[in-house]
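Reproduced below: work_32.csv, with CSV, C-alpha atoms.
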```csv
chain,number,residue,atom,x,y,z
A,1,MET,CA,0.0,0.0,0.0
A,2,ASP,CA,1.2,3.5,-0.9
A,3,ARG,CA,2.2,5.3,2.4
A,4,SER,CA,3.2,8.6,0.8
A,5,GLU,CA,1.7,11.9,1.9
A,6,ALA,CA,0.2,12.3,-1.6
A,7,SER,CA,-1.7,9.1,-1.3
A,8,PHE,CA,-2.8,10.0,2.2
A,9,LEU,CA,-4.1,13.4,1.1
A,10,GLU,CA,-5.8,11.8,-1.9
A,11,HIS,CA,-7.7,9.5,0.5
A,12,VAL,CA,-8.5,12.3,2.9
A,13,HIS,CA,-9.7,14.5,0.0
A,14,ALA,CA,-12.0,11.8,-1.2
A,15,HIS,CA,-13.5,11.6,2.3
A,16,ARG,CA,-13.2,15.2,3.4
A,17,ARG,CA,-17.0,15.4,3.9
A,18,ILE,CA,-16.7,13.2,7.0
A,19,ILE,CA,-14.2,15.4,8.8
A,20,HIS,CA,-15.9,18.6,7.7
A,21,ARG,CA,-19.4,17.5,8.7
A,22,LEU,CA,-18.3,16.1,12.1
A,23,ALA,CA,-16.3,19.2,12.9
A,24,GLY,CA,-19.4,21.3,12.0
A,25,LEU,CA,-21.3,19.3,14.7
A,26,TYR,CA,-18.8,19.8,17.4
A,27,ALA,CA,-17.0,23.1,16.9
A,28,LEU,CA,-18.2,26.1,18.8
A,29,ASP,CA,-17.0,28.6,16.3
A,30,ALA,CA,-15.4,28.8,12.8
A,31,ASP,CA,-11.8,28.9,14.2
A,32,GLU,CA,-12.4,25.8,16.4
A,33,ARG,CA,-13.9,24.1,13.4
A,34,LYS,CA,-10.7,24.6,11.4
A,35,ASP,CA,-8.7,23.5,14.5
A,36,LEU,CA,-10.7,20.3,14.7
A,37,GLU,CA,-10.3,19.6,11.0
A,38,GLN,CA,-6.6,20.2,11.1
A,39,GLU,CA,-6.1,18.1,14.2
A,40,THR,CA,-8.1,15.2,12.8
A,41,MET,CA,-6.0,15.3,9.6
A,42,LEU,CA,-2.9,15.4,11.7
A,43,GLN,CA,-4.0,12.4,13.9
A,44,ALA,CA,-5.0,10.5,10.7
A,45,TRP,CA,-1.6,11.3,9.2
A,46,LYS,CA,0.2,10.0,12.3
A,47,SER,CA,-1.8,6.7,12.2
A,48,TRP,CA,-1.5,6.4,8.4
A,49,PRO,CA,1.5,4.0,8.5
A,50,GLN,CA,-0.6,1.6,10.5
A,51,PHE,CA,-3.6,1.7,8.2
A,52,ARG,CA,-3.7,-1.8,6.7
A,53,GLY,CA,-6.8,-1.5,4.6
A,54,ASP,CA,-8.6,-4.2,6.6
A,55,ALA,CA,-11.4,-1.7,7.3
A,56,LYS,CA,-12.8,0.8,4.8
A,57,PHE,CA,-10.9,4.1,4.8
A,58,SER,CA,-14.1,5.9,5.6
A,59,THR,CA,-14.7,3.8,8.8
A,60,TRP,CA,-11.1,4.2,9.8
A,61,LEU,CA,-11.3,8.0,9.3
A,62,TYR,CA,-14.6,8.2,11.1
A,63,ARG,CA,-13.1,6.5,14.2
A,64,ILE,CA,-10.1,8.9,14.2
A,65,ALA,CA,-12.4,11.9,13.7
A,66,LEU,CA,-14.7,11.0,16.6
A,67,ASN,CA,-11.8,10.0,18.9
A,68,THR,CA,-10.2,13.3,18.2
A,69,MET,CA,-13.3,15.5,18.4
A,70,LEU,CA,-14.8,13.9,21.5
A,71,THR,CA,-11.5,14.2,23.4
A,72,TRP,CA,-10.7,17.7,22.3
A,73,LYS,CA,-10.1,20.3,25.0
A,74,ARG,CA,-12.0,23.5,24.4
A,75,ARG,CA,-10.5,26.9,25.2
A,76,PRO,CA,-12.5,28.4,28.1
A,77,ALA,CA,-13.1,31.7,26.2
A,78,ILE,CA,-14.9,29.8,23.4
A,79,VAL,CA,-17.0,27.8,25.9
A,80,GLN,CA,-18.0,31.0,27.7
A,81,ARG,CA,-18.9,32.8,24.5
A,82,ALA,CA,-20.8,29.8,23.1
A,83,ALA,CA,-22.8,29.4,26.3
A,84,SER,CA,-24.3,32.8,25.7
A,85,GLU,CA,-25.5,31.9,22.2
A,86,ARG,CA,-28.2,29.3,21.7
A,87,THR,CA,-26.7,27.6,18.6
A,88,PRO,CA,-23.4,29.2,17.7
A,89,ASP,CA,-23.0,29.7,14.0
A,90,VAL,CA,-20.0,27.8,12.6
A,91,ALA,CA,-20.9,28.3,9.0
A,92,ASP,CA,-17.8,29.9,7.3
A,93,HIS,CA,-16.1,30.3,4.0
A,94,GLY,CA,-17.8,33.2,2.6
A,95,HIS,CA,-21.5,33.8,2.0
A,96,GLN,CA,-22.6,30.3,0.9
A,97,ARG,CA,-25.3,29.0,3.2
A,98,ARG,CA,-27.1,25.7,3.7
A,99,THR,CA,-30.8,25.4,2.7
A,100,ASP,CA,-33.3,26.2,5.5
A,101,GLU,CA,-34.1,22.5,6.0
A,102,GLN,CA,-30.4,21.6,6.2
A,103,GLU,CA,-29.9,24.5,8.7
A,104,ARG,CA,-32.8,23.2,10.9
A,105,LEU,CA,-31.4,19.7,11.0
A,106,HIS,CA,-27.9,21.0,11.7
A,107,ALA,CA,-29.2,23.3,14.5
A,108,ALA,CA,-31.3,20.5,16.0
A,109,MET,CA,-28.3,18.0,15.9
A,110,ARG,CA,-26.1,20.5,17.7
A,111,ARG,CA,-28.6,20.8,20.5
A,112,LEU,CA,-28.3,17.0,21.2
A,113,PRO,CA,-25.8,15.8,23.8
A,114,GLU,CA,-22.3,15.4,22.2
A,115,ALA,CA,-22.2,11.6,22.3
A,116,ASP,CA,-25.7,11.4,20.7
A,117,ARG,CA,-24.6,13.6,17.8
A,118,ALA,CA,-21.9,11.0,17.0
A,119,LEU,CA,-24.4,8.2,17.1
A,120,LEU,CA,-26.9,10.1,14.9
A,121,ALA,CA,-24.1,11.1,12.4
A,122,LEU,CA,-23.1,7.4,12.1
A,123,HIS,CA,-26.7,6.4,11.6
A,124,LEU,CA,-27.3,9.1,8.9
A,125,ASP,CA,-24.0,8.1,7.2
A,126,GLY,CA,-25.4,4.6,6.8
A,127,PHE,CA,-23.7,2.7,9.6
A,128,ASP,CA,-26.0,-0.1,11.0
A,129,HIS,CA,-26.3,-0.6,14.7
A,130,ALA,CA,-23.6,-3.2,14.9
A,131,GLU,CA,-21.1,-1.0,13.0
A,132,ALA,CA,-22.0,2.1,14.9
A,133,GLY,CA,-21.6,0.1,18.2
A,134,GLU,CA,-18.2,-1.1,17.0
A,135,VAL,CA,-17.0,2.5,16.4
A,136,LEU,CA,-18.4,3.8,19.7
A,137,GLY,CA,-17.7,0.8,21.9
A,138,LEU,CA,-21.4,-0.1,22.5
A,139,THR,CA,-23.4,-3.3,21.8
A,140,ALA,CA,-25.8,-3.2,18.9
A,141,ASN,CA,-28.8,-3.5,21.3
A,142,HIS,CA,-27.6,-0.5,23.3
A,143,VAL,CA,-27.2,1.5,20.0
A,144,GLY,CA,-30.7,0.5,19.0
A,145,VAL,CA,-32.2,1.7,22.3
A,146,LYS,CA,-30.2,4.9,22.2
A,147,MET,CA,-31.1,5.6,18.6
A,148,HIS,CA,-34.8,5.2,19.4
A,149,ARG,CA,-34.4,7.9,22.2
A,150,ILE,CA,-32.3,10.2,20.0
A,151,LYS,CA,-34.8,10.1,17.1
A,152,ALA,CA,-37.6,11.0,19.5
A,153,ARG,CA,-35.6,13.9,20.9
A,154,LEU,CA,-34.7,15.0,17.4
A,155,ALA,CA,-38.3,15.0,16.3
A,156,GLU,CA,-39.2,17.2,19.2
A,157,LEU,CA,-36.4,19.6,18.3
A,158,LEU,CA,-37.4,19.7,14.7
A,159,LYS,CA,-41.1,20.5,15.5
A,160,PRO,CA,-42.0,24.0,14.4
A,161,GLU,CA,-42.2,26.3,17.4
B,1,MET,CA,-38.6,15.6,6.0
B,2,ASP,CA,-36.4,12.6,5.3
B,3,LEU,CA,-33.4,13.1,7.6
B,4,LYS,CA,-31.1,10.8,5.7
B,5,GLN,CA,-31.8,12.5,2.4
B,6,LEU,CA,-31.3,15.9,4.0
B,7,TRP,CA,-28.0,14.8,5.6
B,8,ASP,CA,-26.8,13.4,2.3
B,9,GLN,CA,-27.5,16.6,0.4
B,10,PRO,CA,-24.2,18.3,-0.4
B,11,GLU,CA,-23.5,21.4,1.7
B,12,PRO,CA,-22.0,24.5,0.1
B,13,THR,CA,-18.7,24.0,2.0
B,14,ASP,CA,-18.4,20.2,1.6
B,15,ASN,CA,-15.9,20.5,-1.3
B,16,THR,CA,-14.0,23.5,-0.1
B,17,GLY,CA,-14.1,23.1,3.7
B,18,LEU,CA,-10.9,21.5,4.8
B,19,PRO,CA,-7.9,23.7,5.7
B,20,PRO,CA,-4.6,22.9,4.0
B,21,PHE,CA,-2.9,20.0,5.7
B,22,GLU,CA,0.1,20.9,7.9
B,23,ALA,CA,2.0,18.0,9.5
B,24,GLY,CA,3.0,20.2,12.5
B,25,ARG,CA,2.7,19.9,16.2
B,26,SER,CA,-0.5,18.4,17.7
B,27,ALA,CA,-2.8,20.7,19.7
B,28,HIS,CA,-4.6,17.7,21.2
B,29,PRO,CA,-5.0,17.7,25.0
B,30,LEU,CA,-3.2,14.4,25.3
B,31,ALA,CA,-0.2,15.8,23.4
B,32,ALA,CA,-0.4,18.9,25.6
B,33,LEU,CA,-0.5,16.7,28.7
B,34,ARG,CA,2.6,14.7,27.5
B,35,ARG,CA,4.5,18.0,27.0
B,36,THR,CA,3.5,19.2,30.5
B,37,LEU,CA,4.6,15.8,31.9
B,38,TRP,CA,8.0,16.1,30.2
B,39,ILE,CA,8.4,19.6,31.7
B,40,ASN,CA,7.5,18.1,35.1
B,41,ILE,CA,10.1,15.5,34.6
B,42,ALA,CA,12.7,18.1,33.7
B,43,TYR,CA,11.8,20.1,36.8
B,44,GLY,CA,11.8,16.9,38.9
B,45,VAL,CA,15.4,16.1,37.7
B,46,ALA,CA,16.5,19.7,38.4
B,47,VAL,CA,14.9,19.8,41.9
B,48,SER,CA,16.4,16.4,42.7
B,49,LEU,CA,19.9,17.6,41.7
B,50,VAL,CA,19.4,20.7,44.0
B,51,PHE,CA,18.4,18.5,46.9
B,52,LEU,CA,21.2,16.1,46.2
B,53,VAL,CA,23.7,19.0,46.4
B,54,LEU,CA,22.1,20.2,49.7
B,55,VAL,CA,22.2,16.6,51.2
B,56,VAL,CA,25.8,16.3,50.3
B,57,THR,CA,27.0,19.8,51.3
B,58,LEU,CA,24.9,20.5,54.4
B,59,ARG,CA,26.8,19.8,57.6
B,60,VAL,CA,23.6,19.6,59.8
B,61,VAL,CA,22.6,15.9,60.0
B,62,ALA,CA,18.9,16.7,60.8
B,63,LEU,CA,18.6,18.9,57.7
B,64,SER,CA,20.5,16.5,55.5
B,65,ALA,CA,18.2,13.7,56.6
B,66,LEU,CA,15.0,15.8,55.9
B,67,PHE,CA,16.3,16.8,52.5
B,68,ALA,CA,17.3,13.2,51.8
B,69,VAL,CA,13.7,12.1,52.4
B,70,VAL,CA,12.5,14.9,50.1
B,71,LEU,CA,15.0,13.9,47.5
B,72,ALA,CA,13.8,10.3,47.6
B,73,PHE,CA,10.2,11.4,47.0
B,74,CYS,CA,11.3,13.7,44.2
B,75,ILE,CA,13.0,10.8,42.5
B,76,TRP,CA,10.0,8.6,43.0
B,77,ALA,CA,7.6,11.3,41.7
B,78,THR,CA,9.8,11.9,38.7
B,79,TRP,CA,9.9,8.2,38.0
B,80,ASP,CA,6.1,7.9,38.4
B,81,THR,CA,5.6,10.8,36.0
B,82,TRP,CA,7.9,9.2,33.5
B,83,ARG,CA,5.8,5.9,33.8
B,84,LEU,CA,2.7,7.9,33.1
B,85,VAL,CA,4.2,9.5,30.0
B,86,ARG,CA,5.2,6.1,28.7
B,87,SER,CA,1.7,4.7,29.3
B,88,LEU,CA,0.1,7.6,27.2
B,89,GLY,CA,0.1,7.0,23.5
B,90,PRO,CA,1.2,10.1,21.6
B,91,GLU,CA,-1.9,10.2,19.4
B,92,VAL,CA,-5.6,9.3,19.5
B,93,SER,CA,-6.4,5.7,18.7
B,94,ALA,CA,-7.2,4.8,15.1
B,95,THR,CA,-8.5,1.3,16.1
B,96,GLY,CA,-10.0,1.7,19.6
B,97,PRO,CA,-13.7,2.6,20.1
B,98,VAL,CA,-14.7,6.0,21.2
B,99,LEU,CA,-15.9,5.0,24.7
B,100,GLU,CA,-12.6,3.2,25.4
B,101,GLU,CA,-10.7,6.3,24.1
B,102,LEU,CA,-12.7,8.6,26.3
B,103,ARG,CA,-12.0,6.4,29.3
B,104,ARG,CA,-8.3,6.3,28.5
B,105,HIS,CA,-8.0,10.1,28.3
B,106,HIS,CA,-10.1,10.5,31.5
B,107,ALA,CA,-7.9,8.0,33.3
B,108,ALA,CA,-4.7,9.7,32.1
B,109,PHE,CA,-5.7,13.1,33.5
B,110,LEU,CA,-7.0,11.7,36.8
B,111,SER,CA,-3.8,9.6,37.1
B,112,TRP,CA,-1.7,12.7,36.7
B,113,MET,CA,-3.8,14.5,39.3
B,114,ARG,CA,-3.5,11.6,41.7
B,115,THR,CA,0.2,11.5,41.3
B,116,GLN,CA,0.4,15.2,42.1
B,117,GLN,CA,-1.7,14.8,45.2
B,118,ARG,CA,0.3,11.8,46.4
B,119,VAL,CA,3.5,13.7,46.0
B,120,GLY,CA,1.9,16.6,47.8
B,121,ARG,CA,0.8,14.5,50.8
B,122,TYR,CA,4.3,13.3,51.4
B,123,ILE,CA,6.6,16.0,50.1
B,124,TYR,CA,4.9,19.2,51.2
B,125,PRO,CA,5.1,18.6,55.0
B,126,ILE,CA,8.8,17.6,54.7
B,127,SER,CA,9.6,20.5,52.4
B,128,ALA,CA,7.9,22.9,54.8
B,129,ALA,CA,9.8,21.5,57.8
B,130,GLY,CA,13.1,21.5,56.0
B,131,GLY,CA,12.4,25.0,54.6
B,132,ALA,CA,11.5,26.3,58.1
B,133,LEU,CA,14.6,24.8,59.8
B,134,TRP,CA,16.9,25.9,57.1
B,135,GLY,CA,15.4,29.4,56.9
B,136,ALA,CA,15.7,29.8,60.7
B,137,ALA,CA,19.3,28.6,60.7
B,138,GLN,CA,20.3,30.8,57.8
B,139,GLY,CA,18.4,33.8,59.1
B,140,SER,CA,19.6,33.7,62.7
B,141,GLY,CA,23.1,32.3,62.0
B,142,ALA,CA,22.7,30.1,65.0
B,143,PRO,CA,23.3,26.3,64.9
B,144,LEU,CA,20.2,24.1,64.5
B,145,VAL,CA,20.9,22.3,67.8
B,146,GLU,CA,20.7,25.6,69.7
B,147,LEU,CA,17.6,26.8,67.7
B,148,VAL,CA,15.6,23.6,68.6
B,149,GLN,CA,16.3,24.3,72.3
B,150,ARG,CA,14.8,27.8,72.1
B,151,PRO,CA,11.3,28.0,73.6
B,152,GLY,CA,8.5,27.9,71.0
B,153,PHE,CA,10.8,27.0,68.1
B,154,VAL,CA,9.3,23.6,67.6
B,155,VAL,CA,5.8,25.0,67.8
B,156,VAL,CA,6.7,27.5,65.0
B,157,VAL,CA,8.0,24.7,62.8
B,158,VAL,CA,4.9,22.6,63.4
B,159,LEU,CA,2.7,25.6,62.7
B,160,CYS,CA,4.7,26.2,59.5
B,161,ILE,CA,4.0,22.6,58.4
B,162,ALA,CA,0.3,22.8,59.4
B,163,LEU,CA,-0.1,26.0,57.4
B,164,MET,CA,2.0,25.3,54.3
B,165,THR,CA,0.9,21.7,53.7
B,166,PRO,CA,-2.8,22.3,53.1
B,167,LEU,CA,-2.1,25.5,51.3
B,168,CYS,CA,0.3,23.8,48.8
B,169,ILE,CA,-2.2,20.9,48.4
B,170,TRP,CA,-5.0,23.3,47.8
B,171,GLY,CA,-2.8,25.3,45.3
B,172,ALA,CA,-2.0,22.1,43.4
B,173,ARG,CA,-5.6,21.1,43.2
B,174,TRP,CA,-6.6,24.6,42.1
B,175,MET,CA,-4.0,24.7,39.3
B,176,PHE,CA,-5.1,21.3,38.1
B,177,LYS,CA,-8.7,22.4,38.1
B,178,VAL,CA,-7.9,25.6,36.2
B,179,ALA,CA,-5.8,23.8,33.6
B,180,PHE,CA,-7.8,20.6,33.1
B,181,GLY,CA,-10.9,20.6,35.4
B,182,THR,CA,-13.4,21.6,32.7
B,183,HIS,CA,-11.8,19.1,30.3
B,184,VAL,CA,-12.0,16.2,32.7
B,185,ASP,CA,-15.6,17.0,33.6
B,186,ALA,CA,-16.5,17.2,29.8
B,187,LEU,CA,-14.8,13.8,29.3
B,188,ALA,CA,-16.8,12.3,32.2
B,189,GLU,CA,-20.0,13.8,30.9
B,190,ARG,CA,-19.4,12.2,27.4
B,191,ILE,CA,-18.6,8.8,29.0
B,192,ALA,CA,-21.9,9.0,31.0
B,193,GLN,CA,-23.8,10.0,27.8
B,194,LEU,CA,-22.5,7.0,25.9
B,195,GLU,CA,-23.0,4.6,28.8
B,196,GLY,CA,-26.5,5.9,29.6
```
What's the structure tokens form of this structure?
Amino acid sequence: MDRSEASFLEHVHAHRRIIHRLAGLYALDADERKDLEQETMLQAWKSWPQFRGDAKFSTWLYRIALNTMLTWKRRPAIVQRAASERTPDVADHGHQRRTDEQERLHAAMRRLPEADRALLALHLDGFDHAEAGEVLGLTANHVGVKMHRIKARLAELLKPE
Amino acid sequence: MDLKQLWDQPEPTDNTGLPPFEAGRSAHPLAALRRTLWINIAYGVAVSLVFLVLVVTLRVVALSALFAVVLAFCIWATWDTWRLVRSLGPEVSATGPVLEELRRHHAAFLSWMRTQQRVGRYIYPISAAGGALWGAAQGSGAPLVELVQRPGFVVVVVLCIALMTPLCIWGARWMFKVAFGTHVDALAERIAQLEG
């Protein structure tokens, strides 16, 4: 397997949506989003020599991204500022915006507990209960129960006020 | 609305979002903790050397004995910190599940805090006693044997230990809380969320 930086970047570029979307779910502002993306790529690069290709690259990257983002230490100033905003805006890169429905889903997901966001993202990205459980360290049954609760909570959050 | 369909829809920044890759220094808390621990080890070695010089050069047996005890604990604490550094992987796991990784990080930070507290429990009283005795001997210019016989001197040393030890332990806890308290709480919260 090609272990070069070019090959790594090619793989990451093909799956950049995973990192970008997950960072969007966890970052409290645009700067932190960039930090999370950068750190995830760095962590993936450090583990790249051990990637054997037994698992799909997307699953491998998902695991690194979640392990990085859920163990990330936030700067106190960002936490304080974010606490005063209901759903901090992390949309960046110019004036392009999501559609209203995308924005509602994104805002609702960000109001879920952090661990639940990971589970929901895995579900929406097509991981079944067993696969999601493997990534998170839970049994498939536990994932099923949690998903049921998360979907109910999400439905409440998506109800028009 | 179909959530899956909505999630799968491309977002405007999906194709442009990632910053350029820089294979630089990690800003991850575990990497920061490892750097802090290496600094602690460097301090531990430096302080041990200072105490070693004091033990060897001081001509007062009681002080030499006290500083020898402090030196022994400094060496032990430095070795314990080095063990902790070795047990921490330099990067996040690419194979372990999220829950395991969260527990590993949480345990690493708590382990460091426990090490600091253990060190405090043993070293601070001895350091306070040694410091008081040495300071008094240096300040007064009188030999330690004579100082100990002065009325109230032992009470002052005991008071010094009683005041300084809790103050130092409290200070160490406060510094840990300021540096890592929120992070440790956040890790514990995420573990509870996943387990719940």
Sorted by chain and rising residue number, which residues of chain A lie within 7 Å of chain B, and what are their closest atom pairs and distances in Å to one decimal, counting only C-alpha atoms, as a Markdown table?
```
| residue | atom | partner | partner_atom | distance |
| --- | --- | --- | --- | --- |
| A:Arg16 | CA | B:Leu18 | CA | 6.9 |
| A:Arg17 | CA | B:Asp14 | CA | 5.5 |
| A:His20 | CA | B:Gly17 | CA | 6.3 |
| A:Lys34 | CA | B:Pro19 | CA | 6.4 |
| A:Glu37 | CA | B:Leu18 | CA | 6.5 |
| A:Gln38 | CA | B:Phe21 | CA | 6.5 |
| A:Glu39 | CA | B:Ser26 | CA | 6.6 |
| A:Met41 | CA | B:Phe21 | CA | 6.8 |
| A:Leu42 | CA | B:Ala23 | CA | 6.0 |
| A:Gln43 | CA | B:Glu91 | CA | 6.3 |
| A:Ser47 | CA | B:Ala94 | CA | 6.4 |
| A:Trp60 | CA | B:Ala94 | CA | 6.6 |
| A:Arg63 | CA | B:Ala94 | CA | 6.2 |
| A:Ile64 | CA | B:Ala94 | CA | 5.1 |
| A:Leu66 | CA | B:Val98 | CA | 6.8 |
| A:Asn67 | CA | B:Val98 | CA | 5.4 |
| A:Thr68 | CA | B:Val92 | CA | 6.2 |
| A:Thr71 | CA | B:Leu102 | CA | 6.4 |
| A:Trp72 | CA | B:His28 | CA | 6.2 |
| A:Lys73 | CA | B:His183 | CA | 5.7 |
| A:Gln96 | CA | B:Pro12 | CA | 5.9 |
| A:Arg97 | CA | B:Pro12 | CA | 6.4 |
| A:Arg98 | CA | B:Glu11 | CA | 6.0 |
| A:Gln102 | CA | B:Leu6 | CA | 6.2 |
| A:Glu114 | CA | B:Arg190 | CA | 6.8 |
| A:Ala115 | CA | B:Arg190 | CA | 5.8 |
| A:Leu124 | CA | B:Lys4 | CA | 5.3 |
| A:Glu134 | CA | B:Pro97 | CA | 6.6 |
| A:Val135 | CA | B:Pro97 | CA | 5.0 |
| A:Leu136 | CA | B:Val98 | CA | 4.6 |
| A:Gly137 | CA | B:Pro97 | CA | 4.7 |
```
>> Under the rule that all atoms listed in the file are counted, which of A:Arg75, A:Arg3, A:Ala23, A:His13 is the nearest residue to Lys46 of chain A?
In response: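 The answer is A:Arg3, which sits nearest to Lys46 of chain A.
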> Do you know which residues are at most 8 Å from segment 124-132 of chain B counting all atoms listed in the file, after dropping those on the same chain fewer than 3 positions away, and could you put them as number ranges by chain?
Replying inline: B: 63, 66-67, 69-70, 119-121, 135-136, 157-158, 160-162, 164-165, 168-169
> Which value, in Å to one decimal, gives the distance between atom CA of Ala140 of chain A and atom CA of Asp2 of chain B?
Replying inline: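 A separation of 23.4 Å between them.
The interatomic distance for the pair atom CA of Gly44 of chain B and atom CA of Cys74 of chain B works out to 6.2 Å.
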> Please, what distance in Å, to one decimal, runs between atom CA of Met109 of chain A and atom CA of Leu22 of chain A?
Replying inline: 10.9 Å
> Tyr62 of chain A: which residues within 8 Å, counting only C-alpha atoms, same-chain residues fewer than 4 positions away excluded, as a ChimeraX atom specification?
Replying inline: /A:18-19,58,66
Output C-alpha atoms for every residue in the selection just made, as a compact mmCIF listing (two decimals), keeping the file's coordinate frame.
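See result02.txt below for the written result:
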```txt
# COMPACT_ATOMS: atom_id res chain seq x y z
CA ILE A 18 -16.70 13.20 7.00
CA ILE A 19 -14.20 15.40 8.80
CA SER A 58 -14.10 5.90 5.60
CA LEU A 66 -14.70 11.00 16.60
```
>> From the options A:Ala155, A:Leu28, A:Met1, A:Leu9, which residue's atoms come nearest to Arg52 of chain A, counting only C-alpha atoms?
In response: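 Selected residue with least distance to Arg52 of chain A: A:Met1.
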>> Show me, as a ChimeraX atom specification, the residues that have an atom within 10 Å of Trp79 of chain B when counting only C-alpha atoms, minus same-chain residues fewer than 6 positions from it.
In response: /B:41,44-45,73,85
